[in-house]
Amino acid sequence: MPHRRHNPLTGDWVLVSPQRMARPWHGEEAPRPRPPPPRHDPTCALCPGNRRAASIVNPDYDGVFVFDNDYPALAAGAPNEPEPPPAPFTPNRPARGVCRVLCFSPRHDVTLSQLPAAQIETVIAVWRAQFAELVGGGAYRWAQIFENRGAMMGCSNAHPHGQIWAGDFVPNELRREARTQLAHHRARGRALLDDYLAFELQAGARVVAQNDDWAAVVPYWAVWPFETLLLPRRAVRDFADVDDDLQASLAAILRDLLTKYDRLFARPMPYSMGWHGAPGGAGKAAWRLHAHCYPPLLRDDTRKFMVGYEMLAEPQRDLTPEAAAARLRDA
Ligand code: H2U
Ligand code: ZN
């Protein structure tokens, strides 16, 4: 029967309508991935030794390579002027920040899921270092680490890469998650996501993968058909709390989870995935570092559109999170 589920991290509701799974689909077919790319693409701006925008030549890098985005959405030199006088319909704030691109591998033809665990560990080590430099040192309030994978997600380049956008402000999603986690911590003296994960590990039905330090679930309130939430089983508040042991176990579960995604429809799963941890400032104790993974596909050739009722009222899903978790678990 149709019902609504509540997301304690954001305060939002999602409408779940399992009876609709049987409806026929005559809409647009999700484009299949293009033929596998070459090992090195001379036209790729991210491959080693190639020329990027502004005539910068990439070094002949090995492992992970980080560079400042040539088309950044934020600028470090943006004016830090005094706040403008309050204006009722045109409130605005300066936004200072930096944007970086992080190549996961010199090879053009691999995905994060296909890298050996040791190379995924190197990626995580770079995430840790970037977080330490950008947020840990107090330069910025928040650094969003993310990967946009696949042309369907608007990714412009097949080369395996992620991005980091750091800014001197706490963006909407983080502000909402901070509010809910702080409220729970104040009321119960425990972290919201610790309590939630304990509940999920006990229930079992939505658990997709786990090891001693981490667990991945399709959250009870998932909006995207195969959305997952990757949570720590320890008091990890941000990337500063990730030590070498947690890095190794994180690489293992990431590889496991992303491989399941690729197997589910026997194609590289498109997704947006990224990390949420405590922003710089107070309230750190309430936070648990976690990753959201949002793949858009419902079936191998059917993409979930967030349109109509979803744009105008609230998100709706047909497949239950429990059924999605079972399929991912078995993939
Ligand atoms: P996405 O396709 O996920 O957007 O990643 C590619 C990023 O790489 C994008 O943000 C940057 C784009 O601005 N880029 C450069 O910085 N230099 C280039 O020469 C090409 C792409
Ligand atoms: Zn490339």
# chains A, B, ... in the order shown; residues from 1 in each chain; ligands from 1

$ closest_atom_pairs --of "region 141-186 of chain A" --to "region 279-297 of chain A" --cutoff "6 Å" --atoms "only C-alpha atoms" --output "CSV"
residue,atom,partner,partner_atom,distance
A:Arg141,CA,A:Gly280,CA,4.8
A:Trp142,CA,A:Pro279,CA,5.2
A:Gln181,CA,A:Ala286,CA,5.6
A:Leu182,CA,A:Ala286,CA,5.4
A:His185,CA,A:Ala286,CA,5.5

$ write_last_selection --atoms "N, CA, C and O atoms" --output "compact mmCIF listing (two decimals), in the first residue's frame"
# COMPACT_ATOMS: atom_id res chain seq x y z
N ARG A 141 35.08 26.55 5.42
CA ARG A 141 34.11 25.91 6.31
C ARG A 141 33.79 24.49 5.85
O ARG A 141 33.58 23.58 6.63
N TRP A 142 33.72 24.31 4.52
CA TRP A 142 33.25 23.02 4.03
C TRP A 142 33.92 22.66 2.71
O TRP A 142 34.09 23.53 1.83
N GLN A 181 21.19 16.38 13.07
CA GLN A 181 22.11 15.59 13.89
C GLN A 181 22.36 16.26 15.24
O GLN A 181 22.45 15.59 16.27
N LEU A 182 22.45 17.59 15.22
CA LEU A 182 22.64 18.32 16.49
C LEU A 182 21.44 18.14 17.40
O LEU A 182 21.59 17.91 18.61
N HIS A 185 21.52 14.68 18.90
CA HIS A 185 22.61 14.55 19.86
C HIS A 185 22.27 15.25 21.17
O HIS A 185 22.54 14.74 22.26

$ residues_around --residues "Gln144 (chain A)" --least-positions-apart "3" --cutoff "7 Å" --atoms "only C-alpha atoms" --output "list in words"
Ile164, Trp165, Ala166 and Trp275 of chain A

$ atom_distance --atom1 "CA of Ala118 (chain A)" --atom2 "CA of Lys260 (chain A)"
18.8 Å

$ residues_around --residues "Val207 (chain A)" --least-positions-apart "4" --cutoff "9 Å" --atoms "only C-alpha atoms" --output "MDAnalysis selection string"
chainID A and resid 200:201 203 215:219 322 325:326 329

$ write_last_selection --atoms "N, CA and C atoms" --output "PDB file, in the first residue's frame"
ATOM      1  N   GLU A 200      19.568  -0.437  11.672  1.00  0.00           N
ATOM      2  CA  GLU A 200      19.634  -1.128  10.377  1.00  0.00           C
ATOM      3  C   GLU A 200      20.371  -2.465  10.472  1.00  0.00           C
ATOM      4  N   LEU A 201      21.450  -2.512  11.258  1.00  0.00           N
ATOM      5  CA  LEU A 201      22.196  -3.771  11.374  1.00  0.00           C
ATOM      6  C   LEU A 201      21.348  -4.822  12.081  1.00  0.00           C
ATOM      7  N   ALA A 203      17.958  -4.825  11.963  1.00  0.00           N
ATOM      8  CA  ALA A 203      16.856  -5.171  11.053  1.00  0.00           C
ATOM      9  C   ALA A 203      17.355  -6.034   9.890  1.00  0.00           C
ATOM     10  N   ALA A 215      29.413   0.165   6.946  1.00  0.00           N
ATOM     11  CA  ALA A 215      28.262  -0.570   6.424  1.00  0.00           C
ATOM     12  C   ALA A 215      27.543   0.300   5.400  1.00  0.00           C
ATOM     13  N   ALA A 216      27.009  -0.349   4.363  1.00  0.00           N
ATOM     14  CA  ALA A 216      26.242   0.370   3.338  1.00  0.00           C
ATOM     15  C   ALA A 216      24.805  -0.137   3.385  1.00  0.00           C
ATOM     16  N   VAL A 217      23.859   0.778   3.420  1.00  0.00           N
ATOM     17  CA  VAL A 217      22.439   0.413   3.445  1.00  0.00           C
ATOM     18  C   VAL A 217      21.697   1.195   2.361  1.00  0.00           C
ATOM     19  N   VAL A 218      20.579   0.637   1.904  1.00  0.00           N
ATOM     20  CA  VAL A 218      19.612   1.452   1.168  1.00  0.00           C
ATOM     21  C   VAL A 218      18.758   2.077   2.269  1.00  0.00           C
ATOM     22  N   PRO A 219      18.868   3.385   2.487  1.00  0.00           N
ATOM     23  CA  PRO A 219      18.181   3.934   3.656  1.00  0.00           C
ATOM     24  C   PRO A 219      16.668   3.765   3.562  1.00  0.00           C
ATOM     25  N   GLU A 322      13.652  -1.995   0.548  1.00  0.00           N
ATOM     26  CA  GLU A 322      14.000  -3.353   0.970  1.00  0.00           C
ATOM     27  C   GLU A 322      14.280  -4.232  -0.251  1.00  0.00           C
ATOM     28  N   ALA A 325      17.593  -3.155  -1.799  1.00  0.00           N
ATOM     29  CA  ALA A 325      18.750  -3.642  -1.012  1.00  0.00           C
ATOM     30  C   ALA A 325      19.009  -5.110  -1.300  1.00  0.00           C
ATOM     31  N   ALA A 326      17.937  -5.904  -1.389  1.00  0.00           N
ATOM     32  CA  ALA A 326      18.106  -7.344  -1.644  1.00  0.00           C
ATOM     33  C   ALA A 326      18.789  -7.561  -2.990  1.00  0.00           C
ATOM     34  N   ARG A 329      22.461  -6.466  -2.761  1.00  0.00           N
ATOM     35  CA  ARG A 329      23.191  -7.417  -1.923  1.00  0.00           C
ATOM     36  C   ARG A 329      23.571  -8.646  -2.725  1.00  0.00           C
TER      37      ARG A 329
END

$ residues_near_ligand --ligand "ligand 1" --cutoff "6 Å" --atoms "only C-alpha atoms and all ligand atoms" --output "PyMOL selection string"
chain A and resi 45+52-53+69-71+101+148+155-157

$ write_last_selection --atoms "C-alpha atoms" --output "PDB file, in the first residue's frame"
ATOM      1  CA  ALA A  45      42.079  16.790 -20.795  1.00  0.00           C
ATOM      2  CA  ARG A  52      44.357  21.042 -20.722  1.00  0.00           C
ATOM      3  CA  ALA A  53      42.562  24.333 -21.070  1.00  0.00           C
ATOM      4  CA  ASN A  69      39.769  23.251 -11.928  1.00  0.00           C
ATOM      5  CA  ASP A  70      40.360  25.455 -14.983  1.00  0.00           C
ATOM      6  CA  TYR A  71      36.675  26.426 -14.903  1.00  0.00           C
ATOM      7  CA  VAL A 101      39.735  17.958  -9.980  1.00  0.00           C
ATOM      8  CA  ASN A 148      29.840  12.436 -10.884  1.00  0.00           C
ATOM      9  CA  CYS A 155      29.861  13.993 -16.464  1.00  0.00           C
ATOM     10  CA  SER A 156      31.800  15.535 -19.331  1.00  0.00           C
ATOM     11  CA  ASN A 157      34.778  13.199 -19.367  1.00  0.00           C
TER      12      ASN A 157
END

$ residues_around --residues "Ala139 (chain A)" --least-positions-apart "4" --cutoff "12 Å" --atoms "only C-alpha atoms" --output "PyMOL selection string"
chain A and resi 76+96-98+130-135+143+166-169+279-281

$ closest_residue --among "A:Leu246, A:Asp12, A:Pro160, A:Ala95" --to "Pro37 (chain A)" --atoms "only C-alpha atoms"
A:Pro160

$ residues_near_ligand --ligand "ligand 2" --cutoff "9 Å" --atoms "only C-alpha atoms and all ligand atoms" --output "JSON, numbers by chain"
{"A": [37, 38, 39, 40, 41, 42, 43, 44, 45, 46, 47, 48, 50, 103, 105, 106, 107, 108, 109, 157, 158, 159, 160]}

$ write_last_selection --atoms "N, CA, C and O atoms" --output "CSV table (one decimal), in the first residue's frame"
chain,number,residue,atom,x,y,z
A,37,PRO,N,36.3,3.1,-23.6
A,37,PRO,CA,37.3,4.0,-24.0
A,37,PRO,C,38.7,3.4,-24.1
A,37,PRO,O,38.9,2.3,-23.6
A,38,PRO,N,39.6,4.1,-24.8
A,38,PRO,CA,41.0,3.6,-24.9
A,38,PRO,C,41.7,3.8,-23.6
A,38,PRO,O,41.3,4.6,-22.7
A,39,ARG,N,42.9,3.1,-23.4
A,39,ARG,CA,43.7,3.2,-22.2
A,39,ARG,C,44.2,4.6,-22.1
A,39,ARG,O,44.3,5.1,-21.0
A,40,HIS,N,44.6,5.2,-23.2
A,40,HIS,CA,45.0,6.6,-23.1
A,40,HIS,C,44.3,7.3,-24.3
A,40,HIS,O,44.3,6.8,-25.4
A,41,ASP,N,43.7,8.5,-24.0
A,41,ASP,CA,42.9,9.2,-25.0
A,41,ASP,C,43.6,10.5,-25.3
A,41,ASP,O,43.7,11.4,-24.5
A,42,PRO,N,44.2,10.7,-26.5
A,42,PRO,CA,45.0,11.9,-26.8
A,42,PRO,C,44.1,13.1,-26.7
A,42,PRO,O,44.7,14.2,-26.6
A,43,THR,N,42.8,13.0,-26.8
A,43,THR,CA,41.9,14.2,-26.8
A,43,THR,C,41.4,14.5,-25.3
A,43,THR,O,40.7,15.5,-25.1
A,44,CYS,N,41.8,13.6,-24.4
A,44,CYS,CA,41.3,13.8,-23.0
A,44,CYS,C,42.1,14.8,-22.2
A,44,CYS,O,43.3,14.8,-22.2
A,45,ALA,N,41.4,15.7,-21.6
A,45,ALA,CA,42.1,16.8,-20.8
A,45,ALA,C,42.7,16.3,-19.5
A,45,ALA,O,43.4,17.0,-18.8
A,46,LEU,N,42.3,15.0,-19.1
A,46,LEU,CA,42.8,14.5,-17.8
A,46,LEU,C,43.8,13.5,-17.9
A,46,LEU,O,44.4,13.1,-16.9
A,47,CYS,N,44.1,12.9,-19.1
A,47,CYS,CA,45.1,11.9,-19.2
A,47,CYS,C,46.5,12.5,-19.0
A,47,CYS,O,46.8,13.7,-19.3
A,48,PRO,N,47.5,11.7,-18.5
A,48,PRO,CA,48.8,12.2,-18.3
A,48,PRO,C,49.5,12.7,-19.6
A,48,PRO,O,49.2,12.2,-20.7
A,50,ASN,N,48.8,15.2,-21.4
A,50,ASN,CA,47.9,15.9,-22.4
A,50,ASN,C,47.8,17.4,-22.0
A,50,ASN,O,48.0,17.8,-20.8
A,103,CYS,N,42.1,13.2,-10.4
A,103,CYS,CA,42.1,12.0,-11.3
A,103,CYS,C,42.4,10.8,-10.5
A,103,CYS,O,43.4,10.7,-9.8
A,105,SER,N,43.2,7.8,-11.5
A,105,SER,CA,44.2,6.9,-12.1
A,105,SER,C,44.7,7.5,-13.4
A,105,SER,O,44.0,8.3,-14.0
A,106,PRO,N,45.9,7.2,-13.8
A,106,PRO,CA,46.4,7.7,-15.1
A,106,PRO,C,45.7,7.0,-16.2
A,106,PRO,O,45.7,7.6,-17.4
A,107,ARG,N,45.1,5.9,-16.0
A,107,ARG,CA,44.4,5.2,-17.1
A,107,ARG,C,43.0,5.7,-17.4
A,107,ARG,O,42.3,6.0,-16.5
A,108,HIS,N,42.8,5.9,-18.6
A,108,HIS,CA,41.5,6.5,-19.1
A,108,HIS,C,40.4,5.5,-19.1
A,108,HIS,O,39.2,5.9,-19.0
A,109,ASP,N,40.7,4.2,-19.1
A,109,ASP,CA,39.7,3.2,-19.4
A,109,ASP,C,39.2,2.5,-18.1
A,109,ASP,O,38.6,1.4,-18.3
A,157,ASN,N,33.5,13.9,-19.0
A,157,ASN,CA,34.8,13.2,-19.4
A,157,ASN,C,34.8,11.8,-18.8
A,157,ASN,O,34.6,11.6,-17.6
A,158,ALA,N,35.1,10.8,-19.6
A,158,ALA,CA,35.1,9.4,-19.2
A,158,ALA,C,36.3,9.1,-18.3
A,158,ALA,O,36.3,8.0,-17.6
A,159,HIS,N,37.3,9.9,-18.3
A,159,HIS,CA,38.5,9.6,-17.5
A,159,HIS,C,38.0,9.5,-16.0
A,159,HIS,O,37.3,10.4,-15.5
A,160,PRO,N,38.5,8.5,-15.2
A,160,PRO,CA,38.0,8.4,-13.9
A,160,PRO,C,38.4,9.5,-13.0
A,160,PRO,O,39.6,9.7,-12.8

$ select_by_dssp --residues "region 93-321 of chain A" --states "strand (DSSP E)" --output "number ranges by chain"
A: 97-103, 142-149, 161-167, 207-210, 214-217, 228-232, 271-276, 290-294, 297-299, 302-303, 316-317
